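Undergrad: Take a look at work.pdb, PDB, C-alpha atoms, pLDDT in the B column:
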```pdb
ATOM      1  CA  LEU K 683     108.937 115.855  89.311  1.00 90.00           C
ATOM      2  CA  ASP K 684     107.191 115.482  85.967  1.00 92.00           C
ATOM      3  CA  ALA K 685     103.800 116.452  87.422  1.00 94.00           C
ATOM      4  CA  LEU K 686     105.257 119.626  88.921  1.00 94.00           C
ATOM      5  CA  ALA K 687     107.038 120.499  85.676  1.00 92.00           C
ATOM      6  CA  GLU K 688     103.795 119.971  83.739  1.00 96.00           C
ATOM      7  CA  GLN K 689     102.196 122.594  85.973  1.00 96.00           C
ATOM      8  CA  GLY K 690     104.963 125.051  85.153  1.00 96.00           C
ATOM      9  CA  ILE K 691     106.704 124.697  88.511  1.00 95.00           C
ATOM     10  CA  VAL K 692     110.463 124.854  88.209  1.00 94.00           C
ATOM     11  CA  VAL K 693     111.949 122.158  90.427  1.00 94.00           C
ATOM     12  CA  THR K 694     115.586 122.376  91.473  1.00 96.00           C
ATOM     13  CA  PRO K 695     117.606 120.876  94.329  1.00 95.00           C
ATOM     14  CA  GLU K 696     117.404 124.320  95.940  1.00 92.00           C
ATOM     15  CA  ASN K 697     113.603 124.258  96.219  1.00 92.00           C
ATOM     16  CA  PHE K 698     112.754 120.553  96.379  1.00 93.00           C
ATOM     17  CA  LEU K 699     114.052 117.779  98.615  1.00 94.00           C
ATOM     18  CA  ILE K 700     113.467 114.038  98.529  1.00 95.00           C
ATOM     19  CA  SER K 701     114.075 112.412 101.883  1.00 94.00           C
ATOM     20  CA  GLU K 702     116.995 110.032 101.761  1.00 95.00           C
ATOM     21  CA  GLY K 703     115.019 107.949 104.265  1.00 94.00           C
ATOM     22  CA  LEU K 704     112.056 107.531 101.902  1.00 93.00           C
ATOM     23  CA  TRP K 705     111.134 103.873 101.359  1.00 95.00           C
ATOM     24  CA  LEU K 706     111.248 102.964  97.669  1.00 97.00           C
ATOM     25  CA  THR K 707     108.343 101.169  96.041  1.00 97.00           C
ATOM     26  CA  LEU K 708     109.932  98.722  93.614  1.00 97.00           C
ATOM     27  CA  SER K 709     108.635  96.452  90.868  1.00 96.00           C
ATOM     28  CA  TYR K 710     108.293  93.470  93.206  1.00 97.00           C
ATOM     29  CA  HIS K 711     106.040  95.531  95.486  1.00 97.00           C
ATOM     30  CA  MET K 712     103.906  96.525  92.513  1.00 96.00           C
ATOM     31  CA  ALA K 713     103.707  92.945  91.221  1.00 96.00           C
ATOM     32  CA  LEU K 714     102.574  91.623  94.593  1.00 95.00           C
ATOM     33  CA  GLU K 715      99.989  94.383  94.986  1.00 94.00           C
ATOM     34  CA  LYS K 716      98.628  93.710  91.494  1.00 94.00           C
ATOM     35  CA  ALA K 717      98.454  89.968  92.176  1.00 94.00           C
ATOM     36  CA  ARG K 718      96.645  90.462  95.493  1.00 91.00           C
ATOM     37  CA  GLU K 719      94.207  92.963  94.018  1.00 90.00           C
ATOM     38  CA  SER K 720      93.269  90.554  91.220  1.00 90.00           C
ATOM     39  CA  GLY K 721      92.529  87.645  93.547  1.00 80.00           C
ATOM     40  CA  PRO K 722      90.335  86.677  96.492  1.00 79.00           C
ATOM     41  CA  GLY K 723      92.372  88.857  98.909  1.00 76.00           C
ATOM     42  CA  LYS K 724      91.369  92.022  97.026  1.00 82.00           C
ATOM     43  CA  LYS K 725      91.140  95.112  99.256  1.00 82.00           C
ATOM     44  CA  ASP K 726      90.295  97.714  96.600  1.00 81.00           C
ATOM     45  CA  THR K 727      93.490  99.635  97.271  1.00 81.00           C
ATOM     46  CA  THR K 728      94.896 102.430  95.122  1.00 83.00           C
ATOM     47  CA  CYS K 729      97.240  99.775  93.629  1.00 84.00           C
ATOM     48  CA  ARG K 730     100.261 101.961  94.347  1.00 90.00           C
ATOM     49  CA  ALA K 731     101.797  99.212  96.539  1.00 92.00           C
ATOM     50  CA  ILE K 732     102.083 101.414  99.606  1.00 89.00           C
ATOM     51  CA  SER K 733     101.176  98.576 101.966  1.00 89.00           C
ATOM     52  CA  GLN K 734     103.713  96.296 100.274  1.00 93.00           C
ATOM     53  CA  THR K 735     106.411  98.959 100.626  1.00 95.00           C
ATOM     54  CA  TYR K 736     105.585  99.520 104.305  1.00 92.00           C
ATOM     55  CA  SER K 737     105.533  95.777 104.857  1.00 93.00           C
ATOM     56  CA  SER K 738     109.067  95.428 103.502  1.00 95.00           C
ATOM     57  CA  ALA K 739     110.225  98.296 105.701  1.00 94.00           C
ATOM     58  CA  ARG K 740     108.675  96.802 108.832  1.00 93.00           C
ATOM     59  CA  MET K 741     110.322  93.456 108.073  1.00 94.00           C
ATOM     60  CA  TYR K 742     113.735  95.181 107.843  1.00 95.00           C
ATOM     61  CA  GLN K 743     113.822  94.488 104.112  1.00 95.00           C
ATOM     62  CA  GLY K 744     113.197  97.947 102.715  1.00 95.00           C
ATOM     63  CA  VAL K 745     115.310  99.979 100.350  1.00 97.00           C
ATOM     64  CA  ARG K 746     115.612 103.704 101.029  1.00 97.00           C
ATOM     65  CA  ALA K 747     116.084 106.481  98.516  1.00 97.00           C
ATOM     66  CA  GLY K 748     119.505 107.273  99.981  1.00 97.00           C
ATOM     67  CA  ASP K 749     120.608 103.725  99.205  1.00 98.00           C
ATOM     68  CA  VAL K 750     120.640 104.547  95.478  1.00 98.00           C
ATOM     69  CA  ARG K 751     123.880 106.446  96.065  1.00 98.00           C
ATOM     70  CA  ASP K 752     125.626 103.054  96.066  1.00 98.00           C
ATOM     71  CA  LEU K 753     124.265 100.471  93.645  1.00 98.00           C
ATOM     72  CA  ASP K 754     126.169  97.681  95.421  1.00 98.00           C
ATOM     73  CA  VAL K 755     124.205  98.525  98.584  1.00 97.00           C
ATOM     74  CA  VAL K 756     120.949  98.421  96.627  1.00 97.00           C
ATOM     75  CA  ARG K 757     121.817  95.100  95.013  1.00 97.00           C
ATOM     76  CA  GLU K 758     122.522  93.618  98.454  1.00 97.00           C
ATOM     77  CA  ARG K 759     119.381  95.111 100.025  1.00 96.00           C
ATOM     78  CA  ILE K 760     117.008  93.736  97.396  1.00 97.00           C
ATOM     79  CA  LYS K 761     118.173  90.109  97.621  1.00 96.00           C
ATOM     80  CA  LEU K 762     116.097  88.971 100.622  1.00 96.00           C
ATOM     81  CA  PRO K 763     112.895  90.925  99.871  1.00 96.00           C
ATOM     82  CA  LEU K 764     113.040  89.830  96.246  1.00 96.00           C
ATOM     83  CA  GLU K 765     113.290  86.203  97.330  1.00 97.00           C
ATOM     84  CA  TYR K 766     110.380  86.702  99.753  1.00 96.00           C
ATOM     85  CA  HIS K 767     108.132  88.516  97.269  1.00 97.00           C
ATOM     86  CA  ASN K 768     108.916  86.056  94.491  1.00 98.00           C
ATOM     87  CA  ALA K 769     107.996  83.109  96.718  1.00 98.00           C
ATOM     88  CA  ILE K 770     104.584  84.664  97.333  1.00 96.00           C
ATOM     89  CA  LEU K 771     104.131  85.689  93.712  1.00 96.00           C
ATOM     90  CA  GLN K 772     104.926  82.186  92.483  1.00 97.00           C
ATOM     91  CA  GLN K 773     103.493  79.930  95.180  1.00 96.00           C
ATOM     92  CA  VAL K 774     100.394  81.882  96.180  1.00 94.00           C
ATOM     93  CA  TYR K 775      99.472  83.725  92.997  1.00 94.00           C
ATOM     94  CA  GLY K 776     101.094  81.591  90.274  1.00 95.00           C
ATOM     95  CA  GLN K 777     102.870  84.640  88.847  1.00 94.00           C
ATOM     96  CA  ASP K 778     106.279  84.896  87.217  1.00 96.00           C
ATOM     97  CA  PRO K 779     109.120  86.016  89.489  1.00 97.00           C
ATOM     98  CA  ILE K 780     110.684  89.463  89.308  1.00 97.00           C
ATOM     99  CA  THR K 781     114.386  89.292  88.486  1.00 97.00           C
ATOM    100  CA  GLU K 782     117.140  91.102  90.334  1.00 97.00           C
ATOM    101  CA  GLU K 783     118.214  92.582  87.032  1.00 97.00           C
ATOM    102  CA  LYS K 784     114.749  94.049  86.393  1.00 97.00           C
ATOM    103  CA  VAL K 785     114.839  95.809  89.768  1.00 98.00           C
ATOM    104  CA  MET K 786     118.358  97.131  89.186  1.00 98.00           C
ATOM    105  CA  VAL K 787     117.448  98.425  85.722  1.00 97.00           C
ATOM    106  CA  GLU K 788     114.445 100.162  87.280  1.00 96.00           C
ATOM    107  CA  ILE K 789     116.609 101.805  89.937  1.00 97.00           C
ATOM    108  CA  GLU K 790     119.346 102.776  87.512  1.00 97.00           C
ATOM    109  CA  ALA K 791     116.771 104.368  85.202  1.00 95.00           C
ATOM    110  CA  HIS K 792     115.769 106.844  87.943  1.00 95.00           C
ATOM    111  CA  ARG K 793     118.976 107.106  89.941  1.00 97.00           C
ATOM    112  CA  GLU K 794     120.697 110.054  88.242  1.00 96.00           C
ATOM    113  CA  ARG K 795     117.524 112.100  88.314  1.00 95.00           C
ATOM    114  CA  LEU K 796     116.970 111.468  92.035  1.00 95.00           C
ATOM    115  CA  LEU K 797     120.515 111.950  93.328  1.00 98.00           C
ATOM    116  CA  PRO K 798     120.615 115.783  93.230  1.00 97.00           C
ATOM    117  CA  PHE K 799     117.374 115.992  95.235  1.00 97.00           C
ATOM    118  CA  LEU K 800     118.279 113.583  98.050  1.00 98.00           C
ATOM    119  CA  GLY K 801     118.763 115.061 101.479  1.00 96.00           C
ATOM    120  CA  ASN K 802     117.904 114.915 105.152  1.00 95.00           C
ATOM    121  CA  GLU K 803     114.459 116.412 105.764  1.00 92.00           C
ATOM    122  CA  ILE K 804     115.049 116.622 109.504  1.00 91.00           C
ATOM    123  CA  LEU K 805     118.002 118.958 109.034  1.00 94.00           C
ATOM    124  CA  ALA K 806     116.209 120.966 106.337  1.00 93.00           C
ATOM    125  CA  LEU K 807     113.020 121.442 108.385  1.00 92.00           C
ATOM    126  CA  ASN K 808     114.906 122.314 111.555  1.00 92.00           C
ATOM    127  CA  GLN K 809     116.959 124.903 109.636  1.00 94.00           C
ATOM    128  CA  MET K 810     113.756 126.423 108.254  1.00 93.00           C
ATOM    129  CA  LEU K 811     112.186 126.553 111.706  1.00 93.00           C
ATOM    130  CA  ALA K 812     115.347 128.129 113.167  1.00 96.00           C
ATOM    131  CA  GLU K 813     115.105 130.820 110.477  1.00 97.00           C
ATOM    132  CA  GLY K 814     111.481 131.516 111.400  1.00 97.00           C
ATOM    133  CA  VAL K 815     110.051 130.053 108.214  1.00 94.00           C
ATOM    134  CA  ILE K 816     106.453 128.889 108.530  1.00 92.00           C
ATOM    135  CA  VAL K 817     106.284 125.170 107.828  1.00 88.00           C
ATOM    136  CA  LEU K 818     102.932 123.731 106.816  1.00 83.00           C
ATOM    137  CA  CYS K 819     102.520 119.974 107.212  1.00 80.00           C
ATOM    138  CA  GLU K 820      99.721 118.257 105.350  1.00 76.00           C
ATOM    139  CA  GLY K 821      98.151 114.949 106.196  1.00 72.00           C
ATOM    140  CA  ALA K 822      95.687 112.876 104.275  1.00 68.00           C
ATOM    141  CA  GLN K 823      92.648 110.751 104.974  1.00 66.00           C
ATOM    142  CA  SER K 824      90.920 110.675 108.337  1.00 78.00           C
ATOM    143  CA  GLY K 825      91.569 109.198 111.745  1.00 80.00           C
ATOM    144  CA  MET K 826      89.249 106.272 111.184  1.00 86.00           C
ATOM    145  CA  LEU K 827      91.457 105.155 108.288  1.00 86.00           C
ATOM    146  CA  ASP K 828      94.577 105.017 110.493  1.00 87.00           C
ATOM    147  CA  VAL K 829      96.223 101.602 110.244  1.00 85.00           C
ATOM    148  CA  ASP K 830      96.625 101.325 114.028  1.00 87.00           C
ATOM    149  CA  LEU K 831      93.698 103.317 115.424  1.00 87.00           C
ATOM    150  CA  GLY K 832      91.152 103.183 112.613  1.00 87.00           C
ATOM    151  CA  ILE K 833      88.348 100.773 111.784  1.00 87.00           C
ATOM    152  CA  TYR K 834      90.473  97.781 110.789  1.00 84.00           C
ATOM    153  CA  PRO K 835      90.614  96.172 108.244  1.00 84.00           C
ATOM    154  CA  ASN K 836      89.034  99.117 106.410  1.00 83.00           C
ATOM    155  CA  THR K 837      92.115 101.276 106.845  1.00 84.00           C
ATOM    156  CA  THR K 838      94.893 102.725 104.793  1.00 82.00           C
ATOM    157  CA  ALA K 839      98.474 101.480 105.129  1.00 82.00           C
ATOM    158  CA  SER K 840      99.706 104.494 107.082  1.00 81.00           C
ATOM    159  CA  ASN K 841      99.081 106.442 110.234  1.00 83.00           C
ATOM    160  CA  THR K 842      96.738 109.369 109.642  1.00 84.00           C
ATOM    161  CA  TRP K 843      96.304 111.021 113.044  1.00 81.00           C
ATOM    162  CA  PRO K 844      97.896 114.475 113.593  1.00 80.00           C
ATOM    163  CA  GLY K 845     100.626 112.972 115.786  1.00 78.00           C
ATOM    164  CA  SER K 846     101.878 111.096 112.732  1.00 81.00           C
ATOM    165  CA  ILE K 847     103.137 114.384 111.277  1.00 80.00           C
ATOM    166  CA  GLN K 848     106.211 114.114 113.478  1.00 77.00           C
ATOM    167  CA  SER K 849     107.366 110.825 112.018  1.00 76.00           C
ATOM    168  CA  GLY K 850     106.162 111.691 108.532  1.00 74.00           C
ATOM    169  CA  CYS K 851     108.135 114.931 108.407  1.00 76.00           C
ATOM    170  CA  GLY K 852     111.097 113.965 110.522  1.00 69.00           C
TER     171      GLY K 852
END
```
Using structure tokens, write down the structure that the file contains.

TA:
Amino acid sequence: LDALAEQGIVVTPENFLISEGLWLTLSYHMALEKARESGPGKKDTTCRAISQTYSSARMYQGVRAGDVRDLDVVRERIKLPLEYHNAILQQVYGQDPITEEKVMVEIEAHRERLLPFLGNEILALNQMLAEGVIVLCEGAQSGMLDVDLGIYPNTTASNTWPGSIQSGCG
């Protein structure tokens, strides 16, 4: 939102939507990524913790943007992944644990700003298509970087083939 505003683009809930199904990258994801990238398991990632976020999601431990509507839900959803990430941070990397309170403060700091923009991208895109609006979907990287079909382990954390647009855009 800040980057768009810096470019003079006015962002409102009428012209910008954040998927309520978006997986949140939290401080424990960032801490684990930083620890891994500073040790022998270094992969030279972008250090944005995308793989850590996806990992939590695939282990049924993710927190979605829509969850921030109810802080009690968030607090419950971070318990298990926080325990898991802290065990790795402490026992594998010798790092200090991330506290539940730190994660909640982080979420609360962004919550009010995010809430007006949360919505269902599937409904929004289908409405646009029904109205005849041209929808342009953009992908990144190349096929050989695809986590499933690329040249592993030299891949990115996500699927990059054109068919991935469907899941990426709802």

Undergrad: Which protein, DNA or RNA residues have an atom at most 12 Å from (126.3, 97.4, 93.3), counting all atoms listed in the file? List them as a list in words.

TA: Asp749, Val750, Arg751, Asp752, Leu753, Asp754, Val755, Val756, Arg757, Glu758, Arg759, Ile760, Lys761, Glu782, Glu783, Met786, Val787, Ile789 and Glu790 of chain K

Undergrad: Could you tell me which residues the PyMOL selection byres ((chain K and resi 729) around 9) returns for this structure, as a list in words?

TA: Met712, Glu715, Lys716, Glu719, Asp726, Thr727, Thr728, Arg730, Ala731 and Ile732 of chain K

Undergrad: Counting all atoms listed in the file, which residues of range 757-813 of chain K sit at most 7 Å from some atom of range 696-702 of chain K, and what is each one's closest atom pair with its distance in Å to one decimal, listed by chain and rising residue number, as CSV?

TA:
```
residue,atom,partner,partner_atom,distance
K:Phe799,CA,K:Leu699,CA,5.1
K:Leu800,CA,K:Ile700,CA,4.9
K:Gly801,CA,K:Glu702,CA,5.3
K:Asn802,CA,K:Ser701,CA,5.6
K:Glu803,CA,K:Ser701,CA,5.6
```

Undergrad: Given all atoms listed in the file as the basis, pick out the residue of K:Ala687, K:Val693, K:Met826, K:Val745 nearest to Thr707 in chain K.

TA: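 Looking only at the distances to Thr707 in chain K, the closest residue turns out to be K:Val745.
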
Undergrad: Could you name the residues that touch Arg740 in chain K at 12 Å or less, counting all atoms listed in the file, but leaving out those on the same chain fewer than 3 positions away, as a list in words?

TA: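 These residues fall inside the cut-off: Trp705, Ser733, Gln734, Thr735, Tyr736, Ser737, Gln743, Gly744, Val745, Pro763, Ala839 and Ser840 of chain K.
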
Undergrad: Edge lengths and centre, in Å to one decimal, as lines of an AutoDock Vina configuration file: that's what I need for the box along x, y and z that holds all listed atoms of range 696-706 of chain K plus 6 Å on each side.

TA:
```
center_x = 114.3
center_y = 113.6
center_z = 100.1
size_x = 18.3
size_y = 33.4
size_z = 20.3
```

Undergrad: Quick one: range 714-737 of chain K with N, CA and C atoms, as an mmCIF file, keeping the file's coordinate frame?

TA:
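Below you can see rebuild.cif, which holds the result:
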```
data_model
loop_
_atom_site.group_PDB
_atom_site.id
_atom_site.type_symbol
_atom_site.label_atom_id
_atom_site.label_comp_id
_atom_site.auth_asym_id
_atom_site.auth_seq_id
_atom_site.Cartn_x
_atom_site.Cartn_y
_atom_site.Cartn_z
ATOM 1 N N LEU K 714 103.315 92.282 93.519
ATOM 2 C CA LEU K 714 102.574 91.623 94.593
ATOM 3 C C LEU K 714 101.238 92.320 94.848
ATOM 4 N N GLU K 715 101.240 93.636 94.810
ATOM 5 C CA GLU K 715 99.989 94.383 94.986
ATOM 6 C C GLU K 715 98.998 94.047 93.869
ATOM 7 N N LYS K 716 99.486 94.025 92.640
ATOM 8 C CA LYS K 716 98.628 93.710 91.494
ATOM 9 C C LYS K 716 98.064 92.290 91.618
ATOM 10 N N ALA K 717 98.908 91.355 92.020
ATOM 11 C CA ALA K 717 98.454 89.968 92.176
ATOM 12 C C ALA K 717 97.384 89.869 93.255
ATOM 13 N N ARG K 718 97.623 90.511 94.393
ATOM 14 C CA ARG K 718 96.645 90.462 95.493
ATOM 15 C C ARG K 718 95.333 91.113 95.083
ATOM 16 N N GLU K 719 95.413 92.228 94.398
ATOM 17 C CA GLU K 719 94.207 92.963 94.018
ATOM 18 C C GLU K 719 93.419 92.279 92.906
ATOM 19 N N SER K 720 93.998 91.271 92.267
ATOM 20 C CA SER K 720 93.269 90.554 91.220
ATOM 21 C C SER K 720 92.732 89.217 91.721
ATOM 22 N N GLY K 721 92.947 88.927 93.005
ATOM 23 C CA GLY K 721 92.529 87.645 93.547
ATOM 24 C C GLY K 721 91.537 87.777 94.684
ATOM 25 N N PRO K 722 91.317 86.683 95.411
ATOM 26 C CA PRO K 722 90.335 86.677 96.492
ATOM 27 C C PRO K 722 90.706 87.565 97.681
ATOM 28 N N GLY K 723 91.956 87.975 97.814
ATOM 29 C CA GLY K 723 92.372 88.857 98.909
ATOM 30 C C GLY K 723 92.249 90.330 98.570
ATOM 31 N N LYS K 724 91.527 90.644 97.516
ATOM 32 C CA LYS K 724 91.369 92.022 97.026
ATOM 33 C C LYS K 724 90.871 92.950 98.122
ATOM 34 N N LYS K 725 91.521 94.113 98.256
ATOM 35 C CA LYS K 725 91.140 95.112 99.256
ATOM 36 C C LYS K 725 90.667 96.409 98.631
ATOM 37 N N ASP K 726 90.655 96.474 97.300
ATOM 38 C CA ASP K 726 90.295 97.714 96.600
ATOM 39 C C ASP K 726 91.213 98.864 96.989
ATOM 40 N N THR K 727 92.511 98.599 96.956
ATOM 41 C CA THR K 727 93.490 99.635 97.271
ATOM 42 C C THR K 727 93.691 100.547 96.063
ATOM 43 N N THR K 728 94.547 101.531 96.224
ATOM 44 C CA THR K 728 94.896 102.430 95.122
ATOM 45 C C THR K 728 95.835 101.752 94.130
ATOM 46 N N CYS K 729 96.301 100.555 94.458
ATOM 47 C CA CYS K 729 97.240 99.775 93.629
ATOM 48 C C CYS K 729 98.554 100.517 93.406
ATOM 49 N N ARG K 730 98.968 101.286 94.411
ATOM 50 C CA ARG K 730 100.261 101.961 94.347
ATOM 51 C C ARG K 730 101.289 101.240 95.211
ATOM 52 N N ALA K 731 100.909 100.105 95.782
ATOM 53 C CA ALA K 731 101.797 99.212 96.539
ATOM 54 C C ALA K 731 102.357 99.840 97.811
ATOM 55 N N ILE K 732 101.629 100.763 98.383
ATOM 56 C CA ILE K 732 102.083 101.414 99.606
ATOM 57 C C ILE K 732 102.165 100.406 100.749
ATOM 58 N N SER K 733 101.152 99.562 100.880
ATOM 59 C CA SER K 733 101.176 98.576 101.966
ATOM 60 C C SER K 733 102.316 97.575 101.776
ATOM 61 N N GLN K 734 102.607 97.224 100.538
ATOM 62 C CA GLN K 734 103.713 96.296 100.274
ATOM 63 C C GLN K 734 105.057 96.948 100.631
ATOM 64 N N THR K 735 105.179 98.221 100.314
ATOM 65 C CA THR K 735 106.411 98.959 100.626
ATOM 66 C C THR K 735 106.593 99.062 102.135
ATOM 67 N N TYR K 736 105.524 99.434 102.843
ATOM 68 C CA TYR K 736 105.585 99.520 104.305
ATOM 69 C C TYR K 736 105.888 98.158 104.916
ATOM 70 N N SER K 737 105.301 97.122 104.348
ATOM 71 C CA SER K 737 105.533 95.777 104.857
ATOM 72 C C SER K 737 107.017 95.422 104.774
#
```
